[in-house]
>>> print(open('data12.cif').read())   # mmCIF, C-alpha atoms
data_structure
#
loop_
_atom_site.group_PDB
_atom_site.id
_atom_site.type_symbol
_atom_site.label_atom_id
_atom_site.label_comp_id
_atom_site.auth_asym_id
_atom_site.auth_seq_id
_atom_site.Cartn_x
_atom_site.Cartn_y
_atom_site.Cartn_z
ATOM 1 C CA MET J 1 11.309 24.014 -7.733
ATOM 2 C CA LYS J 2 9.311 23.521 -4.549
ATOM 3 C CA MET J 3 11.334 20.708 -3.062
ATOM 4 C CA GLU J 4 8.939 20.334 -0.118
ATOM 5 C CA LEU J 5 6.472 18.840 -2.589
ATOM 6 C CA ILE J 6 8.964 16.556 -4.281
ATOM 7 C CA GLN J 7 11.328 15.435 -1.535
ATOM 8 C CA PRO J 8 8.833 13.124 0.255
ATOM 9 C CA PHE J 9 8.359 11.195 -2.997
ATOM 10 C CA ILE J 10 12.116 10.808 -3.457
ATOM 11 C CA ASN J 11 12.542 9.656 0.134
ATOM 12 C CA ALA J 12 9.605 7.251 -0.100
ATOM 13 C CA ALA J 13 10.765 5.724 -3.394
ATOM 14 C CA ASP J 14 14.284 5.291 -2.053
ATOM 15 C CA ALA J 15 13.069 3.666 1.179
ATOM 16 C CA VAL J 16 10.383 1.460 -0.387
ATOM 17 C CA LEU J 17 12.653 0.167 -3.151
ATOM 18 C CA ALA J 18 15.441 -0.528 -0.661
ATOM 19 C CA GLN J 19 13.115 -2.332 1.737
ATOM 20 C CA THR J 20 11.094 -4.353 -0.743
ATOM 21 C CA LEU J 21 14.078 -5.362 -2.875
ATOM 22 C CA ASN J 22 16.270 -5.732 0.197
ATOM 23 C CA CYS J 23 19.132 -3.831 -1.425
ATOM 24 C CA ALA J 24 20.868 -0.484 -1.604
ATOM 25 C CA THR J 25 19.447 1.920 -4.189
ATOM 26 C CA ARG J 26 21.085 4.912 -5.823
ATOM 27 C CA ILE J 27 19.332 7.999 -7.084
ATOM 28 C CA GLY J 28 20.505 8.450 -10.652
ATOM 29 C CA ASP J 29 19.423 11.086 -13.137
ATOM 30 C CA VAL J 30 17.060 13.880 -12.124
ATOM 31 C CA ASN J 31 15.584 15.713 -15.081
ATOM 32 C CA MET J 32 13.170 18.616 -15.210
ATOM 33 C CA ASP J 33 12.946 18.582 -18.989
ATOM 34 C CA GLU J 34 9.692 16.642 -19.453
ATOM 35 C CA ASP J 35 10.213 16.414 -23.201
ATOM 36 C CA ALA J 36 13.202 14.174 -22.540
ATOM 37 C CA TYR J 37 10.975 11.564 -20.926
ATOM 38 C CA ARG J 38 9.502 8.621 -22.803
ATOM 39 C CA ARG J 39 7.641 5.745 -21.170
ATOM 40 C CA LYS J 40 10.014 2.839 -20.608
ATOM 41 C CA GLY J 41 7.500 0.019 -20.473
ATOM 42 C CA MET J 42 5.349 -0.967 -17.504
ATOM 43 C CA ALA J 43 4.029 2.303 -16.047
ATOM 44 C CA ALA J 44 1.625 2.786 -13.126
ATOM 45 C CA LEU J 45 -0.082 6.144 -12.606
ATOM 46 C CA ILE J 46 -1.592 7.349 -9.337
ATOM 47 C CA VAL J 47 -3.738 10.471 -9.013
ATOM 48 C CA ILE J 48 -3.486 12.585 -5.865
ATOM 49 C CA GLN J 49 -6.236 15.028 -4.867
ATOM 50 C CA GLY J 50 -6.342 17.411 -1.945
ATOM 51 C CA ASP J 51 -4.251 20.304 -0.642
ATOM 52 C CA ILE J 52 -1.627 19.219 -3.150
ATOM 53 C CA GLU J 53 -2.839 17.657 -6.360
ATOM 54 C CA GLY J 54 -1.149 15.937 -9.217
ATOM 55 C CA ARG J 55 -0.067 12.664 -10.670
ATOM 56 C CA VAL J 56 2.851 10.305 -10.189
ATOM 57 C CA ILE J 57 4.048 7.668 -12.650
ATOM 58 C CA LEU J 58 6.309 4.795 -11.665
ATOM 59 C CA ASP J 59 7.852 3.273 -14.765
ATOM 60 C CA THR J 60 10.340 0.534 -15.660
ATOM 61 C CA ASP J 61 11.286 -1.284 -18.823
ATOM 62 C CA ALA J 62 9.925 -4.814 -19.244
ATOM 63 C CA PRO J 63 13.088 -6.741 -18.243
ATOM 64 C CA THR J 64 13.475 -4.641 -15.079
ATOM 65 C CA ALA J 65 9.799 -5.077 -14.185
ATOM 66 C CA ALA J 66 10.165 -8.849 -14.577
ATOM 67 C CA ALA J 67 13.396 -8.833 -12.548
ATOM 68 C CA ILE J 68 11.700 -6.899 -9.732
ATOM 69 C CA ALA J 69 8.703 -9.238 -9.778
ATOM 70 C CA THR J 70 11.074 -12.218 -9.701
ATOM 71 C CA ALA J 71 13.013 -10.749 -6.779
ATOM 72 C CA LEU J 72 9.833 -10.108 -4.802
ATOM 73 C CA ALA J 73 8.083 -13.375 -5.665
ATOM 74 C CA GLY J 74 11.153 -15.487 -4.966
ATOM 75 C CA SER J 75 10.590 -17.451 -8.165
ATOM 76 C CA GLU J 76 11.144 -16.814 -11.870
ATOM 77 C CA ILE J 77 8.529 -14.452 -13.370
ATOM 78 C CA THR J 78 8.495 -13.845 -17.120
ATOM 79 C CA GLU J 79 7.822 -10.449 -18.731
ATOM 80 C CA SER J 80 4.412 -11.568 -19.985
ATOM 81 C CA ASP J 81 3.170 -12.759 -16.578
ATOM 82 C CA PRO J 82 0.317 -10.544 -15.207
ATOM 83 C CA VAL J 83 2.108 -10.610 -11.836
ATOM 84 C CA VAL J 84 4.666 -8.192 -13.321
ATOM 85 C CA ARG J 85 2.030 -5.499 -13.815
ATOM 86 C CA GLU J 86 0.616 -6.156 -10.342
ATOM 87 C CA THR J 87 4.070 -5.818 -8.832
ATOM 88 C CA ILE J 88 4.776 -2.428 -10.421
ATOM 89 C CA PHE J 89 1.312 -1.178 -9.478
ATOM 90 C CA GLU J 90 1.824 -2.236 -5.865
ATOM 91 C CA LEU J 91 5.281 -0.643 -5.776
ATOM 92 C CA ALA J 92 3.699 2.612 -6.999
ATOM 93 C CA ASN J 93 1.036 2.279 -4.346
ATOM 94 C CA LEU J 94 3.663 1.810 -1.623
ATOM 95 C CA VAL J 95 5.786 4.750 -2.762
ATOM 96 C CA ILE J 96 2.899 7.202 -3.107
ATOM 97 C CA GLY J 97 1.225 5.996 0.092
ATOM 98 C CA ASN J 98 4.384 6.520 2.109
ATOM 99 C CA ALA J 99 5.057 9.926 0.516
ATOM 100 C CA VAL J 100 1.515 11.078 1.176
ATOM 101 C CA THR J 101 1.824 9.910 4.779
ATOM 102 C CA SER J 102 4.942 12.035 5.148
ATOM 103 C CA LEU J 103 3.287 15.088 3.560
ATOM 104 C CA ASN J 104 0.250 14.591 5.771
ATOM 105 C CA ASP J 105 2.526 14.861 8.792
ATOM 106 C CA GLN J 106 3.438 18.322 7.428
ATOM 107 C CA GLY J 107 -0.222 19.331 7.472
ATOM 108 C CA PHE J 108 -1.316 18.569 3.900
ATOM 109 C CA ARG J 109 -4.497 16.564 3.354
ATOM 110 C CA PHE J 110 -5.019 14.181 0.417
ATOM 111 C CA LYS J 111 -6.878 11.350 -1.142
ATOM 112 C CA ILE J 112 -5.154 8.930 -3.498
ATOM 113 C CA SER J 113 -6.787 6.633 -6.017
ATOM 114 C CA PRO J 114 -5.765 3.052 -6.888
ATOM 115 C CA PRO J 115 -3.028 2.749 -9.536
ATOM 116 C CA GLU J 116 -3.986 2.658 -13.201
ATOM 117 C CA ALA J 117 -1.963 1.869 -16.308
ATOM 118 C CA HIS J 118 -0.221 4.820 -17.971
ATOM 119 C CA VAL J 119 -0.181 4.012 -21.662
ATOM 120 C CA ALA J 120 0.831 7.328 -23.239
ATOM 121 C CA GLU J 121 4.390 7.459 -24.522
ATOM 122 C CA THR J 122 5.079 10.867 -23.003
ATOM 123 C CA GLY J 123 5.153 11.814 -19.342
ATOM 124 C CA LEU J 124 3.589 14.478 -17.150
ATOM 125 C CA LYS J 125 4.093 18.106 -18.061
ATOM 126 C CA GLY J 126 4.991 20.968 -15.792
ATOM 127 C CA SER J 127 3.488 24.431 -16.042
ATOM 128 C CA GLU J 128 3.640 27.801 -14.339
ATOM 129 C CA ASP J 129 2.068 26.414 -11.165
ATOM 130 C CA THR J 130 2.960 22.735 -11.545
ATOM 131 C CA GLU J 131 6.254 21.230 -10.474
ATOM 132 C CA ALA J 132 7.272 18.341 -12.719
ATOM 133 C CA LEU J 133 10.361 16.217 -12.897
ATOM 134 C CA VAL J 134 11.619 12.778 -13.796
ATOM 135 C CA MET J 135 14.086 10.884 -11.659
ATOM 136 C CA CYS J 136 15.757 7.534 -11.879
ATOM 137 C CA PHE J 137 16.496 5.056 -9.095
ATOM 138 C CA ASP J 138 19.159 2.471 -9.847
ATOM 139 C CA THR J 139 18.550 -0.915 -8.238
ATOM 140 C CA PRO J 140 20.245 -4.304 -8.750
ATOM 141 C CA SER J 141 17.167 -5.314 -10.782
ATOM 142 C CA GLY J 142 17.493 -2.295 -13.094
ATOM 143 C CA SER J 143 16.388 1.330 -13.230
ATOM 144 C CA VAL J 144 13.044 2.541 -11.887
ATOM 145 C CA TYR J 145 11.785 5.908 -13.140
ATOM 146 C CA MET J 146 9.443 8.219 -11.268
ATOM 147 C CA ASN J 147 7.705 11.088 -13.049
ATOM 148 C CA ILE J 148 6.007 13.577 -10.713
ATOM 149 C CA ALA J 149 3.755 16.526 -11.517
ATOM 150 C CA MET J 150 2.448 18.363 -8.441
ATOM 151 C CA ARG J 151 0.918 21.688 -7.556
ATOM 152 C CA HIS J 152 -0.634 23.356 -4.555
ATOM 153 C CA ASN J 153 -4.412 23.402 -4.745
ATOM 154 C CA ARG J 154 -4.994 27.155 -4.285
ATOM 155 C CA ARG J 155 -8.756 26.807 -3.833
ATOM 156 C CA ARG J 156 -8.261 24.313 -0.990
ATOM 157 C CA ALA J 157 -5.630 26.548 0.579
ATOM 158 C CA GLN J 158 -7.972 29.553 0.436
ATOM 159 C CA GLU J 159 -10.804 27.536 1.958
ATOM 160 C CA ARG J 160 -8.593 26.428 4.823
ATOM 161 C CA ALA J 161 -7.282 29.948 5.375
ATOM 162 C CA ALA J 162 -10.867 31.240 5.547
ATOM 163 C CA VAL J 163 -11.788 28.610 8.161
ATOM 164 C CA VAL J 164 -8.745 29.535 10.261
ATOM 165 C CA ALA J 165 -9.612 33.273 10.026
ATOM 166 C CA GLU J 166 -13.171 32.757 11.289
ATOM 167 C CA MET A 1 13.849 -15.245 10.176
ATOM 168 C CA GLU A 2 11.731 -18.057 11.585
ATOM 169 C CA TYR A 3 8.681 -17.444 13.719
ATOM 170 C CA ALA A 4 6.989 -19.638 16.302
ATOM 171 C CA ALA A 5 3.635 -20.744 14.915
ATOM 172 C CA LEU A 6 0.696 -18.745 16.218
ATOM 173 C CA LEU A 7 -2.144 -21.126 17.051
ATOM 174 C CA ARG A 8 -5.664 -20.707 18.411
ATOM 175 C CA ASN A 9 -5.993 -21.459 22.091
ATOM 176 C CA SER A 10 -9.422 -23.019 21.659
ATOM 177 C CA ASP A 11 -8.408 -25.924 19.427
ATOM 178 C CA HIS A 12 -4.637 -25.525 18.816
ATOM 179 C CA GLN A 13 -5.309 -25.054 15.098
ATOM 180 C CA PRO A 14 -3.705 -22.381 12.868
ATOM 181 C CA ILE A 15 -5.210 -18.901 12.964
ATOM 182 C CA ARG A 16 -7.421 -18.419 9.885
ATOM 183 C CA TYR A 17 -7.030 -15.162 7.959
ATOM 184 C CA LEU A 18 -9.042 -13.275 5.365
ATOM 185 C CA VAL A 19 -6.690 -11.153 3.240
ATOM 186 C CA VAL A 20 -8.279 -8.145 1.516
ATOM 187 C CA ASP A 21 -6.332 -6.077 -1.005
ATOM 188 C CA ASP A 22 -7.045 -4.980 -4.571
ATOM 189 C CA SER A 23 -3.488 -5.951 -5.529
ATOM 190 C CA VAL A 24 -3.017 -9.669 -6.226
ATOM 191 C CA PHE A 25 0.683 -9.132 -5.600
ATOM 192 C CA ALA A 26 -0.001 -7.635 -2.157
ATOM 193 C CA ARG A 27 -2.401 -10.457 -1.257
ATOM 194 C CA LYS A 28 0.183 -13.078 -2.197
ATOM 195 C CA ASN A 29 2.901 -11.240 -0.295
ATOM 196 C CA ILE A 30 0.826 -10.906 2.877
ATOM 197 C CA SER A 31 -0.403 -14.507 2.585
ATOM 198 C CA LYS A 32 3.190 -15.709 2.317
ATOM 199 C CA ILE A 33 4.088 -13.810 5.490
ATOM 200 C CA LEU A 34 1.035 -15.174 7.342
ATOM 201 C CA GLU A 35 1.899 -18.717 6.311
ATOM 202 C CA SER A 36 5.405 -18.193 7.694
ATOM 203 C CA PHE A 37 3.635 -17.543 11.032
ATOM 204 C CA GLY A 38 1.872 -20.910 10.704
ATOM 205 C CA GLY A 39 -1.399 -19.274 9.653
ATOM 206 C CA ALA A 40 -4.043 -20.560 7.233
ATOM 207 C CA ILE A 41 -5.537 -18.397 4.496
ATOM 208 C CA ALA A 42 -9.309 -18.824 4.808
ATOM 209 C CA GLY A 43 -10.061 -16.498 1.909
ATOM 210 C CA GLU A 44 -9.034 -13.526 -0.176
ATOM 211 C CA ALA A 45 -10.914 -10.521 -1.539
ATOM 212 C CA GLY A 46 -10.017 -7.711 -3.914
ATOM 213 C CA ASP A 47 -12.507 -5.084 -2.742
ATOM 214 C CA GLY A 48 -14.654 -4.160 0.234
ATOM 215 C CA CYS A 49 -17.907 -5.686 -1.067
ATOM 216 C CA THR A 50 -16.282 -9.057 -1.699
ATOM 217 C CA ALA A 51 -14.587 -8.850 1.704
ATOM 218 C CA ILE A 52 -17.961 -8.639 3.457
ATOM 219 C CA ALA A 53 -19.272 -11.665 1.558
ATOM 220 C CA GLU A 54 -16.060 -13.593 2.170
ATOM 221 C CA TYR A 55 -16.186 -12.804 5.876
ATOM 222 C CA ASP A 56 -19.698 -14.265 6.080
ATOM 223 C CA ARG A 57 -18.597 -17.329 4.132
ATOM 224 C CA THR A 58 -15.306 -18.093 5.869
ATOM 225 C CA ARG A 59 -15.691 -16.599 9.381
ATOM 226 C CA PRO A 60 -11.918 -16.032 9.776
ATOM 227 C CA ASP A 61 -10.158 -15.347 13.055
ATOM 228 C CA MET A 62 -8.691 -12.152 11.625
ATOM 229 C CA VAL A 63 -9.100 -9.881 8.610
ATOM 230 C CA LEU A 64 -6.145 -8.015 7.114
ATOM 231 C CA MET A 65 -7.726 -5.150 5.178
ATOM 232 C CA ASP A 66 -6.225 -2.682 2.713
ATOM 233 C CA ILE A 67 -7.720 0.833 2.711
ATOM 234 C CA THR A 68 -7.532 2.193 -0.834
ATOM 235 C CA MET A 69 -9.580 -0.158 -2.999
ATOM 236 C CA PRO A 70 -12.089 0.178 -5.827
ATOM 237 C CA GLN A 71 -15.868 -0.045 -5.285
ATOM 238 C CA MET A 72 -15.764 0.015 -1.481
ATOM 239 C CA GLU A 73 -12.787 1.202 0.531
ATOM 240 C CA GLY A 74 -11.380 -0.797 3.410
ATOM 241 C CA ILE A 75 -12.521 1.440 6.246
ATOM 242 C CA GLU A 76 -16.165 1.227 5.157
ATOM 243 C CA ALA A 77 -15.888 -2.537 4.681
ATOM 244 C CA ALA A 78 -14.345 -2.880 8.148
ATOM 245 C CA GLU A 79 -17.188 -0.848 9.635
ATOM 246 C CA ARG A 80 -19.822 -3.033 7.971
ATOM 247 C CA ILE A 81 -18.136 -6.264 9.033
ATOM 248 C CA VAL A 82 -17.749 -5.126 12.637
ATOM 249 C CA ARG A 83 -21.329 -3.814 12.733
ATOM 250 C CA GLN A 84 -22.611 -7.258 11.754
ATOM 251 C CA HIS A 85 -19.982 -9.203 13.693
ATOM 252 C CA PRO A 86 -18.792 -7.231 16.736
ATOM 253 C CA GLU A 87 -16.321 -9.990 17.540
ATOM 254 C CA ALA A 88 -14.515 -9.542 14.187
ATOM 255 C CA ARG A 89 -10.833 -8.744 14.430
ATOM 256 C CA VAL A 90 -9.937 -6.387 11.592
ATOM 257 C CA VAL A 91 -6.386 -5.082 11.135
ATOM 258 C CA MET A 92 -5.910 -2.362 8.530
ATOM 259 C CA VAL A 93 -2.854 -2.751 6.275
ATOM 260 C CA SER A 94 -2.105 0.256 4.101
ATOM 261 C CA SER A 95 0.728 2.285 2.653
ATOM 262 C CA VAL A 96 -1.206 5.417 3.634
ATOM 263 C CA GLY A 97 -0.430 5.589 7.334
ATOM 264 C CA TYR A 98 -1.370 9.076 8.381
ATOM 265 C CA GLN A 99 -3.148 9.766 11.596
ATOM 266 C CA GLU A 100 -6.594 10.622 10.226
ATOM 267 C CA ASN A 101 -6.723 7.311 8.394
ATOM 268 C CA ILE A 102 -5.643 5.371 11.452
ATOM 269 C CA VAL A 103 -8.074 7.160 13.755
ATOM 270 C CA ALA A 104 -10.940 6.746 11.273
ATOM 271 C CA ALA A 105 -10.227 3.028 10.959
ATOM 272 C CA LEU A 106 -10.054 2.521 14.717
ATOM 273 C CA GLN A 107 -13.271 4.501 15.204
ATOM 274 C CA LYS A 108 -15.017 2.235 12.699
ATOM 275 C CA GLY A 109 -13.998 -0.859 14.612
ATOM 276 C CA ALA A 110 -10.565 -1.872 13.332
ATOM 277 C CA ARG A 111 -8.332 -3.272 16.064
ATOM 278 C CA HIS A 112 -4.942 -2.150 14.746
ATOM 279 C CA PHE A 113 -3.030 -0.650 11.825
ATOM 280 C CA VAL A 114 0.085 -1.857 9.987
ATOM 281 C CA GLN A 115 1.838 0.308 7.422
ATOM 282 C CA LYS A 116 3.042 -1.102 4.100
ATOM 283 C CA PRO A 117 5.599 -2.267 3.096
ATOM 284 C CA VAL A 118 4.724 -4.865 5.718
ATOM 285 C CA LYS A 119 7.573 -5.789 8.036
ATOM 286 C CA PRO A 120 6.964 -9.412 9.102
ATOM 287 C CA GLU A 121 8.255 -8.799 12.625
ATOM 288 C CA VAL A 122 5.790 -5.915 13.081
ATOM 289 C CA LEU A 123 2.834 -7.875 11.701
ATOM 290 C CA TYR A 124 3.709 -10.851 13.940
ATOM 291 C CA GLU A 125 3.577 -8.687 17.062
ATOM 292 C CA VAL A 126 0.330 -7.008 15.959
ATOM 293 C CA ILE A 127 -1.334 -10.392 15.402
ATOM 294 C CA LYS A 128 -0.220 -11.583 18.840
ATOM 295 C CA TYR A 129 -1.545 -8.377 20.400
ATOM 296 C CA VAL A 130 -4.899 -8.449 18.599
ATOM 297 C CA MET A 131 -5.489 -12.172 19.198
ATOM 298 C CA GLY A 132 -4.599 -11.690 22.860
ATOM 299 C CA GLU A 133 -5.428 -14.725 24.978
ATOM 300 C CA ASP A 134 -7.196 -16.411 22.058
ATOM 301 C CA ALA A 135 -3.848 -17.428 20.557
ATOM 302 C CA TYR A 136 -0.414 -18.589 21.641
ATOM 303 C CA ALA A 137 3.004 -19.042 20.108
ATOM 304 C CA ALA A 138 3.770 -22.755 19.784
ATOM 305 C CA GLN A 139 7.222 -24.152 20.402
ATOM 306 C CA GLY A 140 9.379 -24.470 17.266
ATOM 307 C CA ALA A 141 9.292 -22.680 13.956
ATOM 308 C CA ALA A 142 6.064 -22.351 11.986
ATOM 309 C CA ALA A 143 5.402 -24.669 9.075
ATOM 310 C CA ALA A 144 3.576 -23.408 6.011
ATOM 311 C CA GLY A 145 -0.086 -22.935 6.862
ATOM 312 C CA GLU A 146 -2.993 -24.918 5.534
ATOM 313 C CA SER A 147 -4.856 -23.419 2.627
ATOM 314 C CA LYS A 148 -8.588 -22.662 2.615
#
>>> encode(input="data12.cif", output="structure tokens")
Amino acid sequence: MKMELIQPFINAADAVLAQTLNCATRIGDVNMDEDAYRRKGMAALIVIQGDIEGRVILDTDAPTAAAIATALAGSEITESDPVVRETIFELANLVIGNAVTSLNDQGFRFKISPPEAHVAETGLKGSEDTEALVMCFDTPSGSVYMNIAMRHNRRRAQERAAVVAE
Amino acid sequence: MEYAALLRNSDHQPIRYLVVDDSVFARKNISKILESFGGAIAGEAGDGCTAIAEYDRTRPDMVLMDITMPQMEGIEAAERIVRQHPEARVVMVSSVGYQENIVAALQKGARHFVQKPVKPEVLYEVIKYVMGEDAYAAQGAAAAGESK
């Protein structure tokens, strides 16, 4: 497990959830068995392209998503309100944006795309060159799951190495 | 925390803002913060193209612009607005706060950068800095701003 790829996402999720929900969070289960993961409900997926490429899913069950939206809006939000989806998408955006900022400070270059809905029941798979894991953050509003699949972009790395060698 | 209302020096009216973000949630959140500073929301936009049209329509005192958006990203929209309106005050607001992004935005005419999640106390100071002598902090806490 290349923790240098994963740790910034853990740190960012922890910090963003704590700041936006104004509470202490606790990192719960960490699982590298992707087959154990099933989508909980409202899931936002963000694609990352660059020196490191991959996808990140932020996922909560419907009651937790509504509770988070309620906490952030300051007024009661029901599970069916479109604001719930917007809230989870923006949370994903904040987490990935902050993680990418941290990785950029380490010299990696990226582009991220706006969040999109992840509708598949299963999560992101790992492979020989792809690091994948699922982790859970416990908040007073409920559990927030993050599923990460990342790999170094070897072609980009070779291109950069060639430029440096010239 | 309560903030002293930020008003325009020219007419003592609330500062008018254009809030640009593809997330409705983010727009509402930022608008709520701006209203706690006594500001008025002149308009909202969900992408760069709409932001340009809304700027022409509303002529706000300040634009708060997200970077990652569909159709046209915030940095390009900021560049186009500033090219047409050199007096425009555009502040980039993004979760992606790495140096290349910040430098690119400033080179295209943005006046400042605020990283998300937005801390109200940081945004308040940035607005004061960017407005400079064109705004002042009134005595007493800000009331909710006027709308459009």
>>> atom_distance(input="data12.cif", atom1="atom CA of Asp21 of chain A", atom2="atom CA of Glu87 of chain A")
21.4 Å
>>> atom_distance(input="data12.cif", atom1="atom CA of Gln49 of chain J", atom2="atom CA of Ile102 of chain A")
19.0 Å
>>> closest_atom_pairs(input="data12.cif", of="chain A", to="chain J", cutoff="9 Å", atoms="all atoms listed in the file", output="tab-separated table")
residue	atom	partner	partner_atom	distance
A:Asp22	CA	J:Pro114	CA	8.5
A:Ser23	CA	J:Glu86	CA	6.3
A:Val24	CA	J:Glu86	CA	6.5
A:Phe25	CA	J:Glu86	CA	5.6
A:Ala26	CA	J:Glu90	CA	6.8
A:Lys28	CA	J:Ala73	CA	8.6
A:Asn29	CA	J:Ala73	CA	7.8
A:Thr68	CA	J:Pro114	CA	6.4
A:Met69	CA	J:Pro114	CA	6.3
A:Pro70	CA	J:Pro114	CA	7.0
A:Ser94	CA	J:Gly97	CA	7.8
A:Ser95	CA	J:Gly97	CA	4.5
A:Val96	CA	J:Gly97	CA	4.3
A:Gly97	CA	J:Thr101	CA	5.5
A:Tyr98	CA	J:Thr101	CA	4.9
A:Gln99	CA	J:Asp105	CA	8.1
A:Gln115	CA	J:Asn98	CA	8.6
A:Lys116	CA	J:Leu94	CA	6.5
A:Pro117	CA	J:Leu94	CA	6.5
>>> resolve_selection(input="data12.cif", expression="the PyMOL selection byres ((chain A and resi 132-135) around 8)", output="list in words")
Leu6, Leu7, Arg8, Asn9, Ser10, Ile15, Lys128, Tyr129, Val130, Met131, Tyr136 and Ala137 of chain A
>>> residues_around(input="data12.cif", residues="segment 42-44 of chain J", least_positions_apart="5", cutoff="7 Å", atoms="only C-alpha atoms", output="NGL selection string")
:J and (57-62 or 65 or 85 or 88-89 or 92 or 115-118)
>>> atom_distance(input="data12.cif", atom1="atom CA of Thr70 of chain J", atom2="atom CA of Arg27 of chain A")
16.0 Å
>>> residues_around(input="data12.cif", residues="segment 44-53 of chain A", least_positions_apart="3", cutoff="6 Å", atoms="all atoms listed in the file", output="list in words")
Leu18, Val19, Val20, Asp21, Asp22, Asp56, Met69, Met72, Glu73, Gly74 and Ala77 of chain A
>>> resolve_selection(input="data12.cif", expression="the PyMOL selection byres ((chain J and resi 151) around 10)", output="list of chain:residue names")
J:Lys2, J:Leu5, J:Asp51, J:Ile52, J:Glu53, J:Gly54, J:Arg55, J:Gly126, J:Ser127, J:Glu128, J:Asp129, J:Thr130, J:Glu131, J:Ala132, J:Ala149, J:Met150, J:His152, J:Asn153, J:Arg154
>>> write_last_selection(input="data12.cif", atoms="C-alpha atoms", output="mmCIF file, keeping the file's coordinate frame")
data_model
loop_
_atom_site.group_PDB
_atom_site.id
_atom_site.type_symbol
_atom_site.label_atom_id
_atom_site.label_comp_id
_atom_site.auth_asym_id
_atom_site.auth_seq_id
_atom_site.Cartn_x
_atom_site.Cartn_y
_atom_site.Cartn_z
ATOM 1 C CA LYS J 2 9.311 23.521 -4.549
ATOM 2 C CA LEU J 5 6.472 18.840 -2.589
ATOM 3 C CA ASP J 51 -4.251 20.304 -0.642
ATOM 4 C CA ILE J 52 -1.627 19.219 -3.150
ATOM 5 C CA GLU J 53 -2.839 17.657 -6.360
ATOM 6 C CA GLY J 54 -1.149 15.937 -9.217
ATOM 7 C CA ARG J 55 -0.067 12.664 -10.670
ATOM 8 C CA GLY J 126 4.991 20.968 -15.792
ATOM 9 C CA SER J 127 3.488 24.431 -16.042
ATOM 10 C CA GLU J 128 3.640 27.801 -14.339
ATOM 11 C CA ASP J 129 2.068 26.414 -11.165
ATOM 12 C CA THR J 130 2.960 22.735 -11.545
ATOM 13 C CA GLU J 131 6.254 21.230 -10.474
ATOM 14 C CA ALA J 132 7.272 18.341 -12.719
ATOM 15 C CA ALA J 149 3.755 16.526 -11.517
ATOM 16 C CA MET J 150 2.448 18.363 -8.441
ATOM 17 C CA HIS J 152 -0.634 23.356 -4.555
ATOM 18 C CA ASN J 153 -4.412 23.402 -4.745
ATOM 19 C CA ARG J 154 -4.994 27.155 -4.285
#
>>> resolve_selection(input="data12.cif", expression="the PyMOL selection byres ((chain A and resi 3) around 9)", output="list in words")
Met1, Glu2, Ala4, Ala5, Leu6, Ser36, Phe37, Gly38, Glu121, Tyr124, Ala137, Gly140, Ala141 and Ala142 of chain A
